[in-house]
Amino acid sequence: MNRCPPAIFVGDAPGLDFLNSIATPVDIPVDWIDDGEGYLRWLEQAGLVPGEVLRDMRERALPGELDKVAAQARSLREWFRGFVHRHKGRPLTAAALAELAPLNRLLERDEGFSQIVPDPAGQGPLRLQPTRRWRHPDALLLPVGEALANLVCTEDFAQVKACEGPACTLLFADHTRGHARRWCSMAICGNRAKQAAHRQRLKTQRH
């Protein structure tokens, strides 16, 4: 049974969405990858692993195997969260590479390859599609590692921000024009801030 609400995807970058897989959307903290089944659901919602691979993993995994992978994912998440908080708000430099050794060790485990397949978009008869061998449940960490690596290599860390909501822990890449984004979502923290400012104005007027 799915005990969690749908996962939150407001980071505008899959690597940040992974960090946002633990959050407090409505007062109570929710960890979407608190066990193996939760991790599989999150991967499916994030679109990082094909559904047939996840179904196969559910059938083949030994008892407790997927929970161990989820525990590794949580450790990876909190390690990378520390990296992002140390570097957000300014451009990354080559010196940051020394801190990324754990991520490179994860990436070197990948059994990725490419195959020629029909082009479903119809732009041509064929295209080259990256894929990987999913020999063991540990392989479910690799798409996340790839998302974190892409974040490091393609995003401007000067525009990686934390939501300004007082109790919010969500992170996002600010892709707005003028880079003026302040909130994870206007529907959540943006509206809360507006309401708080309105109450403060009323209080000031009364005094």
# chains A, B, ... in the order shown; residues from 1 in each chain; ligands from 1
>>> residues_around(residues="Thr169 of chain A", least_positions_apart="2", cutoff="9 Å", atoms="only C-alpha atoms", output="PyMOL selection string")
chain A and resi 20+22-24+162-167+171
>>> residues_around(residues="segment 184-188 of chain A", least_positions_apart="3", cutoff="8 Å", atoms="only C-alpha atoms", output="VMD selection string")
chain A and resid 10 to 11 25 162 to 163 170 to 172 191 to 192
>>> write_last_selection(atoms="N, CA and C atoms", output="compact mmCIF listing (two decimals), in the first residue's frame")
# COMPACT_ATOMS: atom_id res chain seq x y z
N VAL A 10 9.95 19.66 -7.92
CA VAL A 10 9.99 21.12 -8.14
C VAL A 10 11.42 21.61 -8.35
N GLY A 11 12.39 20.69 -8.41
CA GLY A 11 13.79 21.09 -8.43
C GLY A 11 14.28 21.59 -9.77
N PRO A 25 6.02 18.61 3.14
CA PRO A 25 5.06 19.36 2.31
C PRO A 25 3.94 20.00 3.12
N ALA A 162 18.01 27.33 -2.20
CA ALA A 162 17.10 26.72 -1.23
C ALA A 162 15.86 27.59 -1.15
N CYS A 163 14.71 26.95 -1.05
CA CYS A 163 13.46 27.70 -0.89
C CYS A 163 13.56 28.60 0.34
N LEU A 170 13.35 22.29 0.61
CA LEU A 170 13.45 21.96 -0.81
C LEU A 170 14.47 22.84 -1.53
N LEU A 171 15.14 22.24 -2.51
CA LEU A 171 16.14 22.92 -3.33
C LEU A 171 15.66 22.96 -4.77
N PHE A 172 16.15 23.94 -5.53
CA PHE A 172 15.77 24.02 -6.93
C PHE A 172 16.85 24.75 -7.72
N ASN A 191 2.58 31.07 -1.35
CA ASN A 191 1.31 31.50 -0.77
C ASN A 191 1.41 31.67 0.74
N ARG A 192 2.14 30.77 1.40
CA ARG A 192 2.33 30.91 2.84
C ARG A 192 3.02 32.23 3.16
>>> residues_around(residues="Ala149 of chain A", least_positions_apart="3", cutoff="8 Å", atoms="only C-alpha atoms", output="list in words")
Gly15, Leu103, Gly145, Glu146, Val152 and Cys153 of chain A
>>> write_last_selection(atoms="N, CA, C and O atoms", output="PDB file, in the first residue's frame")
ATOM      1  N   GLY A  15      18.668  15.723 -10.270  1.00  0.00           N
ATOM      2  CA  GLY A  15      19.537  15.568  -9.109  1.00  0.00           C
ATOM      3  C   GLY A  15      19.000  16.282  -7.884  1.00  0.00           C
ATOM      4  O   GLY A  15      19.098  15.769  -6.757  1.00  0.00           O
ATOM      5  N   LEU A 103      31.028   9.910  -5.656  1.00  0.00           N
ATOM      6  CA  LEU A 103      30.115   9.845  -6.796  1.00  0.00           C
ATOM      7  C   LEU A 103      30.806   9.173  -7.982  1.00  0.00           C
ATOM      8  O   LEU A 103      30.207   8.345  -8.672  1.00  0.00           O
ATOM      9  N   GLY A 145      22.922   8.321  -9.506  1.00  0.00           N
ATOM     10  CA  GLY A 145      24.288   8.826  -9.613  1.00  0.00           C
ATOM     11  C   GLY A 145      24.497   9.638 -10.877  1.00  0.00           C
ATOM     12  O   GLY A 145      25.153  10.685 -10.866  1.00  0.00           O
ATOM     13  N   GLU A 146      23.916   9.167 -11.966  1.00  0.00           N
ATOM     14  CA  GLU A 146      24.008   9.889 -13.238  1.00  0.00           C
ATOM     15  C   GLU A 146      23.316  11.249 -13.153  1.00  0.00           C
ATOM     16  O   GLU A 146      23.824  12.256 -13.670  1.00  0.00           O
ATOM     17  N   VAL A 152      26.005  18.373 -11.426  1.00  0.00           N
ATOM     18  CA  VAL A 152      27.314  18.980 -11.182  1.00  0.00           C
ATOM     19  C   VAL A 152      27.913  19.541 -12.471  1.00  0.00           C
ATOM     20  O   VAL A 152      28.524  20.616 -12.473  1.00  0.00           O
ATOM     21  N   CYS A 153      27.722  18.815 -13.570  1.00  0.00           N
ATOM     22  CA  CYS A 153      28.415  19.168 -14.813  1.00  0.00           C
ATOM     23  C   CYS A 153      27.633  20.114 -15.723  1.00  0.00           C
ATOM     24  O   CYS A 153      28.236  20.733 -16.602  1.00  0.00           O
TER      25      CYS A 153
END
>>> select_by_dssp(residues="chain A", states="alpha helix (DSSP H)", output="PyMOL selection string")
chain A and resi 14-19+36-46+51-60+65-87+101-107+142-154+191-206
>>> residues_around(residues="segment 78-84 of chain A", least_positions_apart="6", cutoff="9 Å", atoms="only C-alpha atoms", output="list in words")
Leu16, Leu19, Ala96, Glu99, Leu100, Leu103, Leu148, Phe157 and Val160 of chain A
>>> residues_around(residues="segment 41-54 of chain A", least_positions_apart="2", cutoff="8 Å", atoms="only C-alpha atoms", output="PyMOL selection string")
chain A and resi 7+9+14+21+32-33+37-39+56-58+134+140+143-144
>>> residues_around(residues="Leu126 of chain A", least_positions_apart="6", cutoff="12 Å", atoms="only C-alpha atoms", output="ChimeraX atom specification")
/A:115-120
>>> residues_around(residues="Arg132 of chain A", least_positions_apart="4", cutoff="10 Å", atoms="only C-alpha atoms", output="ChimeraX atom specification")
/A:110-115,139,142-143
>>> atom_distance(atom1="atom CA of Cys4 of chain A", atom2="atom CA of Ala71 of chain A")
17.5 Å
>>> closest_residue(among="A:His85, A:Gln129, A:Gly124, A:Gly36", to="Pro63 of chain A", atoms="only C-alpha atoms")
A:Gly36
>>> closest_residue(among="A:Pro91, A:Pro137, A:Pro5, A:Pro102", to="Asp156 of chain A", atoms="only C-alpha atoms")
A:Pro91
>>> select_by_dssp(residues="segment 126-155 of chain A", states="strand (DSSP E)", output="VMD selection string")
chain A and resid 126 to 132
>>> atom_distance(atom1="atom CA of Arg77 of chain A", atom2="atom CA of Phe18 of chain A")
7.0 Å
>>> atom_distance(atom1="atom CA of Arg133 of chain A", atom2="atom CA of Gly64 of chain A")
21.4 Å
>>> closest_residue(among="A:Asp34, A:Asp138, A:Asp174, A:Glu155", to="Glu65 of chain A", atoms="only C-alpha atoms")
A:Asp138
